[in-house]
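In what follows, a structure is listed as structure tokens, so that the remarks can point back to it.
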Amino acid sequence: MSISAHLEDIGLPLVEQQLEHPTVAGIARGDLPEPVFRSWLEQDYLFLLDYVRVFTRLAWQAPAAHLGDLVDLAHATYHDELSLHRSLAAEFDADLDNAVKGAPCVAYTGFLLDSAAAYADGLAALYPCMWGYSTLGAMLARTMPEDPRYRRWVQTYADPEFAALTRRCAHMLDEATTDPARAEKLFLEGMRHELAFWDIP
């Protein structure tokens, strides 16, 4: 079994735990109160700006065969995900320019940026976000929320193109990992940050 497949096996119960979180459950039903989603959206926007920096930091260290993969991941995050956030911000009256990181965002982005100092570590640390959102999106897409704004959010992460980006991350992780125990430790720490991030400041 590849390291990415192993991490997905141990991570699946933690994604299912996210489904039970009140914020995720509210998105799934389409009735999450607007102020809650607004706050989450602002935090995730700030998170994604640093997520782009994680990809670019890893690109400096990447073998030539995967430089393009990391540039593509940074591009997709910056142009596709952040564009979604900007469009939703207008509909939820979110203030992206003046948002301030809450404690979960500070802790998570610090963990990712520190981990990205080493190529294999950075890939293991970021995999919970890529794979977790792809998996969560597929689960939520089974019963789409009626609110078109929440439906658009779910569709973004259930999109096959996002799943394809996740598979590219998995391939890089499998090639780079020489210490499976360390990869598992970083992955599980990232999954804990993922769950904590749903707690709205």
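Starting from 1 in every chain, residues are counted up; chains themselves are A, B, ... following the order of the structure tokens, and ligands are numbered from 1 as listed.
Taking only C-alpha atoms, the non-local environment of range 27-36 of chain A within 6 Å (same-chain residues fewer than 6 positions away omitted) comprises Pro145, Glu146 and Asp147 of chain A.
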Practice task
For range 125-127 of chain A, list every protein, DNA or RNA residue within 8 Å, evaluated using only C-alpha atoms, and leave out those in the same chain fewer than 2 positions away; present the list as a PyMOL selection string.
Solution key: chain A and resi 111-112+115-116+121-123+129-132+166+169-170+183+186-187+189-190
Once you count only C-alpha atoms, what closest atom pair and distance in Å to one decimal does each residue of range 65-140 of chain A within 6 Å of range 155-164 of chain A have, with rows by chain and rising residue number, as CSV?
```
residue,atom,partner,partner_atom,distance
A:Ser134,CA,A:Tyr157,CA,5.3
A:Gly137,CA,A:Ala158,CA,4.3
A:Ala138,CA,A:Ala158,CA,4.7
```
Could you turn the residues from that selection into a file that holds N, CA and C atoms, as a CSV table (one decimal), in the first residue's frame?
```
chain,number,residue,atom,x,y,z
A,134,SER,N,-11.3,17.4,-0.9
A,134,SER,CA,-11.8,16.6,-2.0
A,134,SER,C,-12.8,15.5,-1.5
A,137,GLY,N,-15.9,17.2,-0.1
A,137,GLY,CA,-16.8,17.7,-1.1
A,137,GLY,C,-17.6,16.6,-1.8
A,138,ALA,N,-16.9,15.4,-2.0
A,138,ALA,CA,-17.6,14.3,-2.6
A,138,ALA,C,-18.8,13.8,-1.7
```
Kindly assemble as a tab-separated table a list of the range 50-114 of chain A residues that lie within 8 Å of range 43-46 of chain A, each paired with its nearest atom pair and their distance in Å to one decimal, using only C-alpha atoms, sorted first by chain and then by ascending residue number.
```
residue	atom	partner	partner_atom	distance
A:Asp50	CA	A:Leu46	CA	6.8
A:Leu82	CA	A:Tyr45	CA	6.6
A:His85	CA	A:Tyr45	CA	6.5
A:Leu96	CA	A:Tyr45	CA	7.0
A:Ala99	CA	A:Gln43	CA	7.3
A:Val100	CA	A:Gln43	CA	7.5
A:Lys101	CA	A:Gln43	CA	6.1
A:Gly102	CA	A:Gln43	CA	7.1
A:Cys105	CA	A:Gln43	CA	6.6
```
Using N, CA, C and O atoms, can you write the selected residues to a file as an mmCIF file, in the first residue's frame?
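After the write, again-v1.cif holds the following:
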```cif
data_model
loop_
_atom_site.group_PDB
_atom_site.id
_atom_site.type_symbol
_atom_site.label_atom_id
_atom_site.label_comp_id
_atom_site.auth_asym_id
_atom_site.auth_seq_id
_atom_site.Cartn_x
_atom_site.Cartn_y
_atom_site.Cartn_z
ATOM 1 N N ASP A 50 -1.729 31.818 2.597
ATOM 2 C CA ASP A 50 -0.529 31.131 3.082
ATOM 3 C C ASP A 50 -0.362 29.760 2.435
ATOM 4 O O ASP A 50 0.757 29.279 2.267
ATOM 5 N N LEU A 82 -9.455 31.110 -4.428
ATOM 6 C CA LEU A 82 -9.592 32.467 -3.901
ATOM 7 C C LEU A 82 -10.631 33.269 -4.678
ATOM 8 O O LEU A 82 -11.288 34.144 -4.109
ATOM 9 N N HIS A 85 -13.844 32.418 -3.093
ATOM 10 C CA HIS A 85 -13.992 33.129 -1.823
ATOM 11 C C HIS A 85 -14.360 34.591 -2.039
ATOM 12 O O HIS A 85 -15.179 35.141 -1.317
ATOM 13 N N LEU A 96 -12.799 40.677 3.440
ATOM 14 C CA LEU A 96 -11.567 39.917 3.274
ATOM 15 C C LEU A 96 -10.325 40.773 3.504
ATOM 16 O O LEU A 96 -9.321 40.296 4.024
ATOM 17 N N ALA A 99 -9.783 41.320 7.396
ATOM 18 C CA ALA A 99 -9.902 40.164 8.288
ATOM 19 C C ALA A 99 -8.588 39.918 9.019
ATOM 20 O O ALA A 99 -7.504 40.200 8.502
ATOM 21 N N VAL A 100 -8.705 39.406 10.226
ATOM 22 C CA VAL A 100 -7.536 39.096 11.059
ATOM 23 C C VAL A 100 -7.587 37.613 11.423
ATOM 24 O O VAL A 100 -8.643 37.093 11.775
ATOM 25 N N LYS A 101 -6.458 36.962 11.334
ATOM 26 C CA LYS A 101 -6.410 35.533 11.630
ATOM 27 C C LYS A 101 -6.828 35.246 13.067
ATOM 28 O O LYS A 101 -6.346 35.897 14.002
ATOM 29 N N GLY A 102 -7.702 34.251 13.234
ATOM 30 C CA GLY A 102 -8.015 33.718 14.546
ATOM 31 C C GLY A 102 -6.981 32.671 14.935
ATOM 32 O O GLY A 102 -6.128 32.281 14.128
ATOM 33 N N CYS A 105 -6.432 29.548 12.657
ATOM 34 C CA CYS A 105 -5.757 29.887 11.408
ATOM 35 C C CYS A 105 -4.269 30.130 11.636
ATOM 36 O O CYS A 105 -3.421 29.669 10.864
#
```
Exercise for the section: Identify which of the residues A:Tyr133, A:Phe197, A:Tyr78, A:Trp40 lies closest to Ala103 in chain A, counting only C-alpha atoms when measuring atom-to-atom distances. Expected result: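 Comparing A:Tyr133, A:Phe197, A:Tyr78, A:Trp40 against Ala103 in chain A, the winner is A:Phe197.
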Handout entry: All alpha helix (DSSP H) positions in range 76-188 of chain A, as a ChimeraX atom specification
Key = /A:76,82-92,103-115,119-140,148-158,160-176,180-188
Problem - Neighbour list for Ala118 in chain A as a VMD selection string, cut-off 10 Å, only C-alpha atoms, skip fewer than 5 positions in-chain - result: chain A and resid 57 to 58 61 113 123
Can you write just those residues out, C-alpha atoms, as a tab-separated table (two decimals), in the first residue's frame?
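Below is the file again.tsv, written as the result:
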```
chain	number	residue	atom	x	y	z
A	57	ARG	CA	8.11	27.16	-0.92
A	58	LEU	CA	7.92	23.49	-1.89
A	61	GLN	CA	12.80	22.27	-3.46
A	113	LEU	CA	4.82	26.95	6.59
A	123	LEU	CA	3.80	17.41	1.27
```
